[in-house]
$ cat input.cif   # mmCIF, C-alpha atoms
data_data
loop_
_atom_site.label_atom_id
_atom_site.label_comp_id
_atom_site.auth_asym_id
_atom_site.auth_seq_id
_atom_site.Cartn_x
_atom_site.Cartn_y
_atom_site.Cartn_z
CA LYS A 1 131.50 3.92 -67.20
CA VAL A 2 130.44 7.53 -67.01
CA ILE A 3 132.65 10.56 -67.34
CA ASP A 4 131.19 13.25 -65.11
CA ALA A 5 132.54 16.73 -65.93
CA ASP A 6 131.24 19.78 -64.10
CA TYR A 7 132.26 23.37 -64.85
CA GLU A 8 133.63 25.13 -61.79
CA SER A 9 131.61 28.32 -61.06
CA LEU A 10 130.54 28.70 -64.69
CA GLU A 11 128.06 31.53 -64.18
CA PRO A 12 130.46 33.62 -62.05
CA HIS A 13 133.13 33.07 -64.75
CA CYS A 14 130.69 34.33 -67.39
CA PHE A 15 129.81 37.20 -65.09
CA ALA A 16 133.45 38.24 -64.68
CA SER A 17 134.14 37.94 -68.40
CA VAL A 18 131.06 39.74 -69.75
CA SER A 19 131.14 42.60 -67.24
CA GLY A 20 134.82 43.24 -67.95
CA ASP A 21 135.38 43.95 -64.26
CA GLU A 22 139.03 43.41 -63.40
CA ASN A 23 138.31 42.84 -59.70
CA LEU A 24 136.02 39.96 -60.64
CA ARG A 25 138.49 38.50 -63.12
CA GLU A 26 141.27 38.69 -60.54
CA ILE A 27 139.31 36.30 -58.29
CA PHE A 28 139.74 33.48 -60.79
CA ARG A 29 143.28 34.38 -61.84
CA LYS A 30 144.40 34.07 -58.22
CA GLY A 31 142.23 31.07 -57.40
CA TRP A 32 140.33 32.86 -54.64
CA ASP A 33 136.89 31.92 -53.42
CA PHE A 34 134.32 33.92 -55.39
CA TYR A 35 131.70 34.46 -52.68
CA SER A 36 134.25 35.26 -49.99
CA THR A 37 135.78 37.93 -52.21
CA VAL A 38 132.36 39.43 -52.91
CA ALA A 39 131.59 39.57 -49.19
CA ILE A 40 134.96 41.15 -48.33
CA LYS A 41 134.71 43.85 -50.99
CA THR A 42 131.01 44.57 -50.49
CA GLU A 43 131.06 44.79 -46.70
CA LYS A 44 134.66 46.04 -46.48
CA LEU A 45 135.60 43.21 -44.12
CA GLU A 46 139.02 43.36 -42.48
CA GLY A 47 141.20 40.60 -41.07
CA VAL A 48 139.79 37.91 -43.35
CA SER A 49 140.91 36.47 -46.69
CA ALA A 50 139.36 34.94 -49.80
CA ASP A 51 142.42 32.71 -50.16
CA LYS A 52 141.22 29.14 -49.61
CA LYS A 53 144.60 28.17 -48.12
CA ALA A 54 144.86 31.06 -45.65
CA ASP A 55 144.32 30.63 -41.91
CA ASN A 56 141.90 33.56 -41.97
CA TYR A 57 139.88 32.23 -44.91
CA LEU A 58 136.41 33.78 -44.57
CA LYS A 59 134.54 30.54 -45.20
CA LYS A 60 136.24 29.02 -42.15
CA LEU A 61 135.96 32.05 -39.86
CA ASP A 62 132.53 33.41 -40.79
CA PRO A 63 130.59 31.12 -43.16
CA VAL A 64 127.39 33.12 -42.56
CA LYS A 65 128.92 36.19 -44.24
CA ARG A 66 129.98 34.10 -47.21
CA ASN A 67 126.57 32.45 -47.53
CA LYS A 68 124.90 35.85 -47.44
CA ALA A 69 127.13 36.93 -50.33
CA LYS A 70 125.86 33.92 -52.29
CA ALA A 71 122.35 35.35 -52.03
CA TYR A 72 123.23 38.70 -53.56
CA SER A 73 126.38 38.15 -55.63
CA LEU A 74 124.51 37.43 -58.86
CA GLY A 75 121.20 38.98 -57.79
CA ILE A 76 122.61 42.49 -57.78
CA ALA A 77 124.32 41.85 -61.11
CA TYR A 78 120.90 40.89 -62.47
CA GLY A 79 119.41 44.18 -61.28
CA MET A 80 118.09 43.25 -57.84
CA GLU A 81 117.10 46.43 -56.03
CA ALA A 82 117.02 47.22 -52.33
CA TYR A 83 113.45 46.07 -51.62
CA ALA A 84 113.99 42.62 -53.19
CA LEU A 85 117.33 42.25 -51.41
CA LYS A 86 115.75 43.25 -48.12
CA MET A 87 113.13 40.52 -48.50
CA THR A 88 115.71 37.93 -49.62
CA LEU A 89 118.10 38.50 -46.72
CA GLY A 90 115.59 39.53 -44.05
CA VAL A 91 117.37 42.84 -43.40
CA ASP A 92 116.11 46.42 -43.25
CA GLN A 93 115.97 48.77 -46.23
CA LYS A 94 119.01 50.81 -45.18
CA THR A 95 121.17 47.68 -44.83
CA ALA A 96 120.03 46.43 -48.23
CA GLU A 97 120.84 49.78 -49.84
CA GLY A 98 124.26 49.74 -48.19
CA LEU A 99 125.01 46.26 -49.56
CA ILE A 100 124.11 47.30 -53.11
CA LYS A 101 126.24 50.44 -52.88
CA GLY A 102 129.17 48.51 -51.38
CA TYR A 103 128.90 45.85 -54.07
CA LEU A 104 128.86 48.29 -56.98
CA ASP A 105 131.67 50.35 -55.40
CA GLY A 106 133.75 47.19 -55.01
CA PHE A 107 133.22 46.19 -58.65
CA PRO A 108 132.98 49.50 -60.53
CA GLN A 109 133.22 48.08 -64.06
CA LEU A 110 130.29 45.82 -63.25
CA ALA A 111 128.23 48.92 -62.40
CA GLU A 112 129.22 50.46 -65.75
CA TRP A 113 128.25 47.26 -67.59
CA ARG A 114 124.82 47.26 -65.94
CA GLU A 115 124.13 50.83 -67.03
CA ARG A 116 125.56 50.33 -70.52
CA SER A 117 123.45 47.20 -71.09
CA ARG A 118 120.29 48.88 -69.89
CA GLN A 119 120.86 51.90 -72.11
CA THR A 120 121.38 49.60 -75.10
CA VAL A 121 118.03 47.91 -74.63
CA LYS A 122 116.30 51.27 -74.05
CA ASP A 123 117.72 52.60 -77.31
CA THR A 124 117.39 49.50 -79.50
CA GLY A 125 114.86 47.17 -77.89
CA LEU A 126 117.27 44.22 -77.92
CA ILE A 127 120.44 42.89 -76.32
CA LYS A 128 123.07 40.42 -77.54
CA ASN A 129 125.16 38.00 -75.54
CA TYR A 130 128.89 37.51 -76.13
CA LEU A 131 128.27 34.79 -78.74
CA GLY A 132 125.75 36.88 -80.68
CA ARG A 133 122.48 35.40 -79.48
CA VAL A 134 119.77 38.08 -79.37
CA ARG A 135 117.03 38.73 -76.83
CA HIS A 136 114.33 41.05 -78.17
CA LEU A 137 112.80 43.38 -75.58
CA PRO A 138 110.81 45.84 -77.72
CA ARG A 139 108.48 46.80 -74.89
CA VAL A 140 111.35 48.45 -73.01
CA LYS A 141 112.17 50.69 -75.97
CA LYS A 142 108.53 51.55 -76.56
CA ILE A 143 107.98 52.62 -72.94
CA TYR A 144 111.31 54.48 -72.81
CA ASP A 145 110.56 56.36 -76.04
CA LYS A 146 107.22 57.49 -74.66
CA PHE A 147 107.96 58.18 -70.99
CA GLY A 148 111.72 58.02 -70.53
CA GLU A 149 113.23 57.04 -67.20
CA ARG A 150 110.32 58.72 -65.41
CA MET A 151 108.52 55.37 -65.56
CA MET A 152 110.66 54.30 -62.59
CA ASP A 153 109.32 57.18 -60.45
CA TRP A 154 106.19 56.17 -58.51
CA ARG A 155 104.99 59.79 -58.38
CA PHE A 156 105.06 60.04 -62.16
CA ARG A 157 103.20 56.73 -62.44
CA LYS A 158 100.50 58.14 -60.16
CA GLU A 159 100.08 61.06 -62.55
CA LEU A 160 99.50 58.62 -65.43
CA GLU A 161 96.78 56.61 -63.70
CA PRO A 162 93.83 58.92 -64.50
CA GLN A 163 94.70 58.76 -68.22
CA PHE A 164 95.69 55.10 -68.62
CA GLY A 165 94.23 53.35 -65.57
CA LYS A 166 96.05 51.95 -62.56
CA ASP A 167 96.37 48.39 -63.88
CA GLN A 168 97.82 49.45 -67.22
CA VAL A 169 100.33 51.78 -65.60
CA LEU A 170 101.41 49.04 -63.20
CA LYS A 171 101.77 46.57 -66.07
CA ALA A 172 103.87 49.02 -68.08
CA TYR A 173 106.11 49.66 -65.08
CA ARG A 174 106.62 45.94 -64.45
CA ASP A 175 107.33 45.25 -68.12
CA TYR A 176 109.88 48.06 -68.17
CA ARG A 177 111.59 47.09 -64.92
CA ASN A 178 111.66 43.39 -65.76
CA GLY A 179 112.97 44.07 -69.25
CA LEU A 180 115.85 46.13 -67.86
CA ASN A 181 116.73 43.26 -65.53
CA ASN A 182 116.25 40.59 -68.20
CA CYS A 183 118.80 42.27 -70.44
CA LEU A 184 121.40 41.62 -67.73
CA ASN A 185 120.25 38.15 -66.78
CA PHE A 186 120.10 37.06 -70.40
CA GLN A 187 123.70 37.98 -71.20
CA LEU A 188 125.03 35.74 -68.43
CA GLN A 189 122.65 32.79 -68.29
CA SER A 190 122.33 32.35 -72.05
CA LEU A 191 126.11 32.44 -72.36
CA ALA A 192 126.57 29.84 -69.62
CA ALA A 193 124.01 27.59 -71.33
CA ALA A 194 125.75 28.02 -74.69
CA VAL A 195 129.15 27.11 -73.21
CA VAL A 196 127.78 23.76 -72.02
CA ASN A 197 125.75 23.05 -75.17
CA ARG A 198 128.63 23.82 -77.53
CA ALA A 199 130.94 21.53 -75.55
CA ALA A 200 128.38 18.71 -75.66
CA LEU A 201 128.17 18.89 -79.45
CA VAL A 202 131.95 18.85 -79.86
CA ILE A 203 132.33 15.91 -77.44
CA ASN A 204 129.92 13.79 -79.49
CA ARG A 205 131.67 14.71 -82.75
CA LYS A 206 135.12 14.01 -81.27
CA ALA A 207 134.04 10.59 -80.01
CA LYS A 208 133.02 9.61 -83.55
CA GLU A 209 136.27 10.97 -85.01
CA MET A 210 138.35 8.97 -82.50
CA GLY A 211 136.30 5.79 -82.81
CA ILE A 212 135.38 6.05 -79.13
CA ASP A 213 132.14 4.38 -78.02
CA ALA A 214 130.83 7.37 -76.06
CA CYS A 215 128.12 10.00 -76.12
CA VAL A 216 126.77 12.77 -73.93
CA GLN A 217 123.92 11.17 -72.03
CA ALA A 218 122.65 14.13 -70.01
CA GLN A 219 123.22 17.72 -68.97
CA VAL A 220 122.53 18.74 -65.37
CA HIS A 221 122.98 22.49 -64.97
CA ASP A 222 126.70 23.08 -65.74
CA GLN A 223 127.54 19.38 -65.74
CA LEU A 224 127.83 16.87 -68.59
CA ILE A 225 127.46 13.12 -68.07
CA ILE A 226 129.10 11.08 -70.81
CA ASN A 227 128.49 7.37 -71.27
CA VAL A 228 131.69 5.65 -72.36
CA ARG A 229 132.90 2.11 -72.90
CA GLU A 230 134.83 1.03 -69.83
CA ASP A 231 138.15 0.32 -71.54
CA GLN A 232 138.07 3.73 -73.30
CA ALA A 233 137.18 5.93 -70.30
CA GLU A 234 140.78 6.77 -69.29
CA VAL A 235 141.65 7.79 -72.84
CA PHE A 236 138.56 9.91 -73.42
CA ALA A 237 138.34 11.73 -70.04
CA PRO A 238 141.20 14.18 -70.74
CA VAL A 239 139.76 14.81 -74.21
CA VAL A 240 136.43 15.72 -72.61
CA GLN A 241 138.18 18.10 -70.24
CA GLU A 242 140.12 19.82 -73.02
CA ILE A 243 136.95 20.26 -75.09
CA MET A 244 134.93 21.68 -72.20
CA GLU A 245 137.66 24.11 -71.20
CA SER A 246 138.57 25.35 -74.67
CA THR A 247 135.57 25.13 -77.03
CA THR A 248 134.31 28.55 -75.92
CA GLN A 249 137.01 31.06 -74.99
CA LEU A 250 135.78 33.77 -72.62
CA PRO A 251 137.85 36.98 -72.42
CA GLY A 252 139.70 37.47 -69.15
CA VAL A 253 138.90 34.11 -67.54
CA THR A 254 139.91 30.45 -67.93
CA LEU A 255 137.20 27.80 -67.65
CA LYS A 256 137.81 24.67 -65.62
CA ALA A 257 135.92 21.37 -65.89
CA PRO A 258 137.82 18.50 -64.23
CA PRO A 259 136.34 15.09 -65.11
CA GLU A 260 135.56 12.14 -62.86
CA ILE A 261 135.29 8.54 -64.05
CA ALA A 262 132.71 6.48 -62.18
CA ASP A 263 130.31 3.57 -62.48
CA ASN A 264 127.28 5.88 -62.40
CA TRP A 265 126.30 9.53 -62.04
CA LYS A 266 125.71 9.26 -58.29
CA GLU A 267 129.28 8.10 -57.69
CA GLY A 268 130.76 10.63 -60.09
CA HIS A 269 128.77 13.52 -58.70
#
$ encode --input "input.cif" --output "structure tokens"
Amino acid sequence: KVIDADYESLEPHCFASVSGDENLREIFRKGWDFYSTVAIKTEKLEGVSADKKADNYLKKLDPVKRNKAKAYSLGIAYGMEAYALKMTLGVDQKTAEGLIKGYLDGFPQLAEWRERSRQTVKDTGLIKNYLGRVRHLPRVKKIYDKFGERMMDWRFRKELEPQFGKDQVLKAYRDYRNGLNNCLNFQLQSLAAAVVNRAALVINRKAKEMGIDACVQAQVHDQLIINVREDQAEVFAPVVQEIMESTTQLPGVTLKAPPEIADNWKEGH
């Protein structure tokens, strides 16, 4: 048999934990739908709910709004600016700017985390995730030390072109901008990857300790597929769940990874 265990909304859970935003954490404490909540707070929607059991659940009444929130909910956290959001959603610049402002107003501690993380990488040239893994971004510090935040101003970059050349100025700007976004992206995605990898290692060790004929066969995004002897599947499935949900404790949120027992991955998935 296979035990198919998939983390529920792992990256949003990491996002809520790392940012420290209480409005984000509340989503998971109350069991609300993540993307519906983001849409409601960002666009200040009235008469709809993020409660999956409510009659006015946003996903039922206006799934387009919820799907739009999917496109920007993590993008803005990763530093997406108005132009990129405009192109992603096919909206005008003013609408894109309004969505970003509404999003950051709705989750104020997230906005503070973004700025704090960016300042850290400007000052030190590196950023750490919650588990201590380091991403070195020395180019950001070098550019910041020399030009400061003026590098983000297109008029200032124009002034630099006669001295350094247009291509070099553009490259420096892109390196700086991308580095500031990478320091956000890294903290969430590397943490999500570590949560899954750490669980996989513990599952394999636990199987040996228990004398269970099982091993992690594959990882697919936030999902682990464990091969297990048929007569041991029912015993080992709850062990897998406990390991996946508790190996890495994230502040402010509780991870969930309910397992399915099936004949193959297709059936389990």
$ resolve_selection --input "input.cif" --expression "the PyMOL selection byres ((chain A and resi 68) around 12)" --output "number ranges by chain"
A: 35-36, 38-40, 42-43, 59, 62-67, 69-75, 85-86, 88-91, 96, 99
$ closest_atom_pairs --input "input.cif" --of "range 8-104 of chain A" --to "range 232-247 of chain A" --cutoff "12 Å" --atoms "only C-alpha atoms" --output "Markdown table"
| residue | atom | partner | partner_atom | distance |
| --- | --- | --- | --- | --- |
| A:Glu8 | CA | A:Glu245 | CA | 10.3 |
| A:Leu10 | CA | A:Glu245 | CA | 10.7 |
| A:His13 | CA | A:Glu245 | CA | 11.9 |
$ resolve_selection --input "input.cif" --expression "the PyMOL selection byres ((chain A and resi 4) around 7)" --output "number ranges by chain"
A: 2-3, 5-6, 224-226, 259-261, 265, 268-269
$ residues_near_point --input "input.cif" --point "(124.0, 46.0, -72.1)" --cutoff "10 Å" --atoms "all atoms listed in the file" --output "CSV table (one decimal) with C-alpha atoms, keeping the file's coordinate frame"
chain,number,residue,atom,x,y,z
A,18,VAL,CA,131.1,39.7,-69.8
A,19,SER,CA,131.1,42.6,-67.2
A,112,GLU,CA,129.2,50.5,-65.8
A,113,TRP,CA,128.2,47.3,-67.6
A,114,ARG,CA,124.8,47.3,-65.9
A,115,GLU,CA,124.1,50.8,-67.0
A,116,ARG,CA,125.6,50.3,-70.5
A,117,SER,CA,123.4,47.2,-71.1
A,118,ARG,CA,120.3,48.9,-69.9
A,119,GLN,CA,120.9,51.9,-72.1
A,120,THR,CA,121.4,49.6,-75.1
A,121,VAL,CA,118.0,47.9,-74.6
A,122,LYS,CA,116.3,51.3,-74.0
A,126,LEU,CA,117.3,44.2,-77.9
A,127,ILE,CA,120.4,42.9,-76.3
A,128,LYS,CA,123.1,40.4,-77.5
A,129,ASN,CA,125.2,38.0,-75.5
A,180,LEU,CA,115.8,46.1,-67.9
A,183,CYS,CA,118.8,42.3,-70.4
A,184,LEU,CA,121.4,41.6,-67.7
A,186,PHE,CA,120.1,37.1,-70.4
A,187,GLN,CA,123.7,38.0,-71.2
$ residues_around --input "input.cif" --residues "Tyr176 in chain A" --least-positions-apart "6" --cutoff "10 Å" --atoms "only C-alpha atoms" --output "number ranges by chain"
A: 122, 137-144, 149, 151-152, 170, 182
$ closest_residue --input "input.cif" --among "A:Leu201, A:Phe15, A:Ala84, A:Glu230" --to "Ala218 in chain A" --atoms "all atoms listed in the file"
A:Leu201
$ atom_distance --input "input.cif" --atom1 "CA of Ala262 in chain A" --atom2 "CA of Cys14 in chain A"
28.4 Å
$ resolve_selection --input "input.cif" --expression "the PyMOL selection byres ((chain A and resi 197) around 12)" --output "NGL selection string"
:A and (190-196 or 198-204 or 216 or 218-224 or 243-244 or 247-248)
$ closest_residue --input "input.cif" --among "A:Phe107, A:Asp263, A:Ala207, A:Tyr78" --to "Gly179 in chain A" --atoms "only C-alpha atoms"
A:Tyr78
$ atom_distance --input "input.cif" --atom1 "CA of Ala77 in chain A" --atom2 "CA of Gly106 in chain A"
12.4 Å
$ residues_around --input "input.cif" --residues "Asp21 in chain A" --least-positions-apart "4" --cutoff "7 Å" --atoms "all atoms listed in the file" --output "ChimeraX atom specification"
/A:16,25,107,109-110
$ atom_distance --input "input.cif" --atom1 "CA of Glu267 in chain A" --atom2 "CA of Asn227 in chain A"
13.6 Å
$ closest_residue --input "input.cif" --among "A:Leu250, A:Leu45, A:Lys171, A:Ala50" --to "Gly31 in chain A" --atoms "only C-alpha atoms"
A:Ala50
$ residues_around --input "input.cif" --residues "Arg229 in chain A" --least-positions-apart "6" --cutoff "9 Å" --atoms "all atoms listed in the file" --output "PyMOL selection string"
chain A and resi 1-2+212-214
$ decode --input "input.cif" --residues "range 110-134 of chain A" --atoms "C-alpha atoms" --output "compact mmCIF listing (two decimals), in the first residue's frame"
# COMPACT_ATOMS: atom_id res chain seq x y z
CA LEU A 110 3.18 41.32 7.47
CA ALA A 111 4.10 44.78 6.14
CA GLU A 112 6.44 45.27 9.11
CA TRP A 113 8.05 41.86 8.49
CA ARG A 114 8.68 42.73 4.85
CA GLU A 115 10.45 45.96 5.76
CA ARG A 116 12.38 44.41 8.65
CA SER A 117 13.62 41.55 6.46
CA ARG A 118 14.70 43.88 3.69
CA GLN A 119 16.57 46.13 6.09
CA THR A 120 18.38 43.10 7.52
CA VAL A 121 19.69 42.04 4.14
CA LYS A 122 20.67 45.64 3.28
CA ASP A 123 22.67 45.89 6.49
CA THR A 124 24.21 42.41 6.62
CA GLY A 125 24.04 40.92 3.12
CA LEU A 126 22.29 37.77 4.34
CA ILE A 127 18.99 36.49 5.72
CA LYS A 128 18.13 33.46 7.87
CA ASN A 129 14.99 31.37 7.89
CA TYR A 130 13.26 30.27 11.10
CA LEU A 131 15.36 27.07 11.30
CA GLY A 132 18.65 28.92 10.82
CA ARG A 133 19.36 28.23 7.16
CA VAL A 134 21.19 31.18 5.59
